[in-house]
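**Q** One structure, as structure tokens, below. Some questions next.
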Amino acid sequence: MNAILQAWGPVGEYMVDASQRTILFWDLLRQRSDQYYAQKAKKVPHVLNFDAELVLDARGFERPVNYMLVRIKPPAGVTIDLQKRPFVVVDPRAGHGPGIGGFKADSELGVAMRAGHPCYFVGFTPEPMPGQTIEDIMRAEAVFLEKVIELHPEAEGKPCIIGNCQAGWAVMMLAATRPELCGPVIVPGSPLSYWAGVEGENPMRYTGGLAGGSWITALTSDLGNGKFDGAHLVKNFENLNPANTLWSKNYDIWSTIDSGAQRFLEFEKWWGGHVNLNGEEIQWIVDQLFVGNRLATGEIVTSDGKRIDLRNIRSPIICFCSKGDNITPPQQALGWITDLYAKDDDIRVCGQTIIYAIHESVGHLGIFVSGGIAKKEHQEFASNIDLVDVLPPGLYEAVMTPKSGEAANPDLVVGDWIVRFEPRTLNDIRAVVLPSAENERRFAAVQRVSEINLGLYRTLLQPLVRAGINEQTAEWMKKLNPSELQFEIFSDRNPFMQQIAQLAEEVRQQRQPVSADNPFLAWQSAISEGIVTALDGYRDLRDSSLEQIFLATYSSPVLQALLGLKASDAPPRKRPGMDPERIAFIERRIAELKSRIADGGLHEAVIRSLVYIGMAGPGVDERAFNELRQIRAENKGMSLDEFKQLLREQFFGLLLDQEAALAAIPTMLPTDPALRAKSLEAIRRTVEATGKATGERAERLALIEKLFTGTEQKVATKRISRKVS
């Protein structure tokens, strides 16, 4: 048959190739299904690319949850430095199984180990423990961190925690309730402000309102006999891009079947590995977060009466987000900052260090699975995590520029990128988030409608639904879910697919790929592009229509009045205020810092001088910190925690009374001229690690030189910042 078709010239050649690709594609779907069932049969299925050993299994805790802590074994050739802080990667339970943080060598775990850090991973089993709650998981993860800290008593710094996607808000809650356990917190692609977004760009946030609220979540859990199938969450992601879901994903692998099969199977091993949640868990997530948006305003209270206030986090927070798609846009990743803080000084008063980085093009999944992202952003975060930990309180943007041959002191740069943390203001965040009182009012209406509908469902329908559902019916409904049914159809359980496997083996032995200049390949590509364009057009029309329906419904003054939102002119969500204890603490702390502004010796004087000079620059450059690290090593200086505490005290001293802080420097210095000169040289080395000082930095360096050499007795400087009050 192939010989006859080949005689037809380009038409026959293309037909042979297309038919062979189709058979190989069907066989690939068969392999994917068999992989799915093999993975499903494992007690703890995951997609980690590294060997691991179990440390703690929370299924045996007093309040059991289906989470586990494992230690990642470094691959051959990688040396771990036990004095470096551990990294703990927490994967999202957002419908998929665990392991995406260590999916490949170039991953969050991979780059952290190559930087010398011990690594741990928090994963989970497919089935939740009976009755487990989000609060139980949070407490179990606190026990995990306690164990990691216990295992690394010699580590310089608390564990760095990476909370991917939906694990990000869980990690932030943990850091807010147990701040003493956490080092820097990295939340890649994590939604924290769920109502935020831009009209015409972020339609996914309308889903809850268009469904009438969280009653649909309760119904879905009831139909699952108390379990919520993660496939529903995955389907929500897939619905965002129908062109990819319905066409491109399969077309791309069909058209490159000879080279892309293995990569396809590797990704599908994770994407198709659905896990379950308890109905109570998903209901809490939807009510408190997705619809309620209560996290960023301190409205969530634990069962023991503890308010979860993100301002209690004492560790640096790195928010890494992207503009590539609609799953977690920058507005939802960064909006919590403007939800919590009204003024820039509020961030400093709370002692928080917040860093953000926005990728212009990568999609949500690329934040976790892209090798390019791992080699750039994640590698730089891991390599400079100690610098992140000692940054003075405030808001920063992580700016990365390629390392070139012209760069000053390239030996002080770790990796291929130069990282600089540039100070930003809340106005910079507002320019991204675009907060709107009218937007808040619409979603507040959604929240109240959701509460009403959920109450009606629980009163009128839930008893009937639960009476008609048992474990057998729930299992059958799960099997008939299209996300599950596709695996059943294309698996070896289907007798027809066994014949496909035999045909595929014959095709591999007689494979005849089409030539690259065959005109029908161009026709094939054009058809595909037309289908993608049509599906994209459908998506855009769907999204714009749903947005208009949402806006028309929830912008209605009548509906808002019926829901009580027009009863006052107050914002529908109020920022959490300062409690009296916190205000009293801040006042005592300010008084203490002012009283000690002239205290200290050479170490304090050097750090104060560096902070003063650095305040005039474009940001904190990794080269300056690495130079300072070398100087500290040469002189066997203070620990990282001591350095961090000292730096913060000097920073706040300069903010509170810059003139007095500078005037005190000569009194803090030793009388030995040689020791002064050595310290001044260390300051110069650190300041000029990024290149020769210019402009105001040069002026400030000159002033410090005069203070250290005794040629400047009276200090007159302009204030560079308002006082903290």
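Here's how to read the names in the structure tokens: chain A, B, ... by the order shown, residue numbers from 1 in each chain, ligand numbers from 1 in the order shown.
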Give the helix (DSSP H, G or I) residues of range 118-222 of chain A, as DSSP finds them on the backbone, and put them as an MDAnalysis selection string.
**A** chainID A and resid 134:151 166:177 179:181 203:210 215:222
**Q** Now that the selection is made, can you save its residues with C-alpha atoms as an mmCIF file, in the first residue's frame?
**A**
```
data_model
loop_
_atom_site.group_PDB
_atom_site.id
_atom_site.type_symbol
_atom_site.label_atom_id
_atom_site.label_comp_id
_atom_site.auth_asym_id
_atom_site.auth_seq_id
_atom_site.Cartn_x
_atom_site.Cartn_y
_atom_site.Cartn_z
ATOM 1 C CA ILE A 134 -6.242 23.313 55.568
ATOM 2 C CA GLU A 135 -5.380 24.259 59.134
ATOM 3 C CA ASP A 136 -4.199 20.694 59.838
ATOM 4 C CA ILE A 137 -1.921 20.874 56.791
ATOM 5 C CA MET A 138 -0.498 24.207 57.915
ATOM 6 C CA ARG A 139 0.359 22.770 61.326
ATOM 7 C CA ALA A 140 1.897 19.657 59.788
ATOM 8 C CA GLU A 141 4.128 21.815 57.595
ATOM 9 C CA ALA A 142 5.231 23.704 60.709
ATOM 10 C CA VAL A 143 6.339 20.369 62.192
ATOM 11 C CA PHE A 144 8.236 19.672 58.943
ATOM 12 C CA LEU A 145 10.126 22.963 59.268
ATOM 13 C CA GLU A 146 10.943 22.272 62.902
ATOM 14 C CA LYS A 147 12.458 18.959 61.813
ATOM 15 C CA VAL A 148 14.505 20.554 59.027
ATOM 16 C CA ILE A 149 15.872 23.155 61.451
ATOM 17 C CA GLU A 150 16.705 20.380 63.931
ATOM 18 C CA LEU A 151 18.592 18.448 61.229
ATOM 19 C CA GLN A 166 -1.481 27.203 45.319
ATOM 20 C CA ALA A 167 1.166 26.189 47.859
ATOM 21 C CA GLY A 168 2.225 29.840 47.981
ATOM 22 C CA TRP A 169 -0.745 31.081 49.972
ATOM 23 C CA ALA A 170 -0.380 28.100 52.322
ATOM 24 C CA VAL A 171 3.298 28.927 52.906
ATOM 25 C CA MET A 172 2.445 32.589 53.508
ATOM 26 C CA MET A 173 -0.152 31.569 56.092
ATOM 27 C CA LEU A 174 2.422 29.363 57.778
ATOM 28 C CA ALA A 175 5.013 32.156 57.802
ATOM 29 C CA ALA A 176 2.434 34.541 59.302
ATOM 30 C CA THR A 177 1.519 32.184 62.143
ATOM 31 C CA PRO A 179 7.442 33.412 61.656
ATOM 32 C CA GLU A 180 10.250 32.035 63.816
ATOM 33 C CA LEU A 181 10.512 28.934 61.609
ATOM 34 C CA PRO A 203 -11.550 36.837 32.931
ATOM 35 C CA MET A 204 -10.800 33.808 35.112
ATOM 36 C CA ARG A 205 -11.604 35.819 38.239
ATOM 37 C CA TYR A 206 -15.225 36.112 37.102
ATOM 38 C CA THR A 207 -15.822 32.358 37.298
ATOM 39 C CA GLY A 208 -17.094 32.318 40.873
ATOM 40 C CA GLY A 209 -19.548 35.142 40.310
ATOM 41 C CA LEU A 210 -20.928 33.684 37.092
ATOM 42 C CA TRP A 215 -22.463 26.365 46.106
ATOM 43 C CA ILE A 216 -21.247 24.641 42.942
ATOM 44 C CA THR A 217 -18.118 23.584 44.839
ATOM 45 C CA ALA A 218 -20.259 22.033 47.577
ATOM 46 C CA LEU A 219 -22.392 20.230 44.966
ATOM 47 C CA THR A 220 -19.311 18.830 43.205
ATOM 48 C CA SER A 221 -17.905 17.553 46.500
ATOM 49 C CA ASP A 222 -21.239 15.966 47.392
#
```
**Q** Just want the 12 Å neighbourhood of Leu28 in chain A, counted on only C-alpha atoms, with same-chain residues fewer than 6 positions away dropped. Output as a PyMOL selection string.
**A** chain A and resi 21-22+34-35+250+253-254+256-258+260-266+268+487+490-492+497+500-501+504-505
**Q** Would you put the residues from that selection into a file with N, CA and C atoms, as an mmCIF file, in the first residue's frame?
**A**
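Result file is again-v7.cif:
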```cif
data_model
loop_
_atom_site.group_PDB
_atom_site.id
_atom_site.type_symbol
_atom_site.label_atom_id
_atom_site.label_comp_id
_atom_site.auth_asym_id
_atom_site.auth_seq_id
_atom_site.Cartn_x
_atom_site.Cartn_y
_atom_site.Cartn_z
ATOM 1 N N ARG A 21 2.188 8.880 11.174
ATOM 2 C CA ARG A 21 2.183 9.751 12.352
ATOM 3 C C ARG A 21 0.918 9.540 13.181
ATOM 4 N N THR A 22 -0.183 9.324 12.510
ATOM 5 C CA THR A 22 -1.446 9.118 13.225
ATOM 6 C C THR A 22 -1.401 7.840 14.054
ATOM 7 N N ASP A 34 -1.293 4.033 29.807
ATOM 8 C CA ASP A 34 -0.652 3.000 30.627
ATOM 9 C C ASP A 34 0.230 3.632 31.701
ATOM 10 N N GLN A 35 0.910 4.725 31.342
ATOM 11 C CA GLN A 35 1.717 5.453 32.314
ATOM 12 C C GLN A 35 0.829 6.017 33.426
ATOM 13 N N ASN A 250 -2.224 18.465 21.010
ATOM 14 C CA ASN A 250 -2.179 17.203 20.269
ATOM 15 C C ASN A 250 -1.580 17.375 18.882
ATOM 16 N N ILE A 253 2.333 17.531 18.997
ATOM 17 C CA ILE A 253 3.027 16.255 19.174
ATOM 18 C C ILE A 253 2.805 15.342 17.976
ATOM 19 N N TRP A 254 1.633 15.418 17.351
ATOM 20 C CA TRP A 254 1.383 14.630 16.134
ATOM 21 C C TRP A 254 2.329 15.055 15.016
ATOM 22 N N THR A 256 5.273 16.372 15.301
ATOM 23 C CA THR A 256 6.690 16.127 15.637
ATOM 24 C C THR A 256 6.838 14.800 16.367
ATOM 25 N N ILE A 257 6.061 13.817 15.954
ATOM 26 C CA ILE A 257 5.973 12.562 16.698
ATOM 27 C C ILE A 257 7.305 11.836 16.793
ATOM 28 N N ASP A 258 8.209 12.079 15.854
ATOM 29 C CA ASP A 258 9.494 11.366 15.859
ATOM 30 C C ASP A 258 10.464 11.911 16.895
ATOM 31 N N GLY A 260 9.339 14.369 19.736
ATOM 32 C CA GLY A 260 8.799 14.962 20.959
ATOM 33 C C GLY A 260 8.054 14.030 21.875
ATOM 34 N N ALA A 261 8.039 12.717 21.561
ATOM 35 C CA ALA A 261 7.198 11.796 22.328
ATOM 36 C C ALA A 261 7.604 11.715 23.800
ATOM 37 N N GLN A 262 8.893 11.621 24.057
ATOM 38 C CA GLN A 262 9.345 11.447 25.433
ATOM 39 C C GLN A 262 9.028 12.665 26.281
ATOM 40 N N ARG A 263 9.238 13.847 25.722
ATOM 41 C CA ARG A 263 8.932 15.070 26.462
ATOM 42 C C ARG A 263 7.436 15.166 26.749
ATOM 43 N N PHE A 264 6.618 14.735 25.792
ATOM 44 C CA PHE A 264 5.167 14.729 25.971
ATOM 45 C C PHE A 264 4.776 13.821 27.136
ATOM 46 N N LEU A 265 5.342 12.619 27.178
ATOM 47 C CA LEU A 265 5.008 11.678 28.242
ATOM 48 C C LEU A 265 5.465 12.185 29.604
ATOM 49 N N GLU A 266 6.625 12.830 29.644
ATOM 50 C CA GLU A 266 7.135 13.342 30.912
ATOM 51 C C GLU A 266 6.192 14.398 31.493
ATOM 52 N N GLU A 268 2.947 14.891 30.669
ATOM 53 C CA GLU A 268 1.627 14.328 30.929
ATOM 54 C C GLU A 268 1.609 13.466 32.187
ATOM 55 N N PHE A 487 -8.294 8.396 29.328
ATOM 56 C CA PHE A 487 -7.277 7.397 29.656
ATOM 57 C C PHE A 487 -7.843 5.987 29.491
ATOM 58 N N PHE A 490 -8.015 5.050 25.616
ATOM 59 C CA PHE A 490 -6.758 4.828 24.899
ATOM 60 C C PHE A 490 -5.806 3.873 25.621
ATOM 61 N N SER A 491 -6.258 3.213 26.670
ATOM 62 C CA SER A 491 -5.374 2.303 27.394
ATOM 63 C C SER A 491 -5.443 0.893 26.810
ATOM 64 N N ASP A 492 -4.579 0.032 27.306
ATOM 65 C CA ASP A 492 -4.586 -1.372 26.880
ATOM 66 C C ASP A 492 -5.839 -2.098 27.338
ATOM 67 N N MET A 497 -6.793 -0.967 21.167
ATOM 68 C CA MET A 497 -5.493 -0.323 21.327
ATOM 69 C C MET A 497 -4.347 -1.323 21.290
ATOM 70 N N ILE A 500 -3.364 -1.337 17.837
ATOM 71 C CA ILE A 500 -2.628 -0.108 17.525
ATOM 72 C C ILE A 500 -1.159 -0.256 17.923
ATOM 73 N N ALA A 501 -0.914 -0.894 19.052
ATOM 74 C CA ALA A 501 0.471 -1.089 19.502
ATOM 75 C C ALA A 501 1.253 -1.929 18.502
ATOM 76 N N ALA A 504 1.902 0.200 15.418
ATOM 77 C CA ALA A 504 2.922 1.210 15.688
ATOM 78 C C ALA A 504 4.316 0.619 15.609
ATOM 79 N N GLU A 505 4.475 -0.616 16.087
ATOM 80 C CA GLU A 505 5.785 -1.267 16.006
ATOM 81 C C GLU A 505 6.188 -1.488 14.554
#
```
**Q** For Ile367 in chain A, work out the shell of residues within 12 Å, counting only C-alpha atoms and skipping chain neighbours fewer than 2 positions away, then give it as number ranges by chain.
**A** A: 100-101, 106-108, 163-165, 186-190, 319-325, 327-328, 357-365, 369-378
**Q** Just the residues within 8 Å of range 40-44 of chain A, please, counting only C-alpha atoms, with nothing from its chain fewer than 5 positions along; format it as a list in words.
**A**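 Answer for this query is Phe124, Thr125, Pro126 and Gly273 of chain A.
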**Q** Take the residues just selected and output them with C-alpha atoms as a PDB file, in the first residue's frame.
**A**
```
ATOM      1  CA  PHE A 124       1.344  14.469  49.235  1.00  0.00           C
ATOM      2  CA  THR A 125      -0.528  11.272  48.427  1.00  0.00           C
ATOM      3  CA  PRO A 126      -3.514  11.198  46.028  1.00  0.00           C
ATOM      4  CA  GLY A 273      -1.885  12.749  37.622  1.00  0.00           C
TER       5      GLY A 273
END
```
**Q** Find the residues around Ile607 in chain A up to 8 Å (only C-alpha atoms counted), leave out those fewer than 6 positions away in its own chain, and share them as a list in words.
**A**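 The neighbour list is Leu646, Leu647 and Gln650 of chain A.
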**Q** Please save N, CA and C atoms of the selected residues as a tab-separated table (two decimals), in the first residue's frame.
**A**
```
chain	number	residue	atom	x	y	z
A	646	LEU	N	22.19	43.81	62.87
A	646	LEU	CA	22.97	45.04	62.93
A	646	LEU	C	22.62	45.96	61.77
A	647	LEU	N	22.51	45.40	60.58
A	647	LEU	CA	22.20	46.20	59.40
A	647	LEU	C	20.85	46.88	59.56
A	650	GLN	N	21.03	49.84	61.97
A	650	GLN	CA	21.68	51.02	61.38
A	650	GLN	C	20.79	51.67	60.33
```
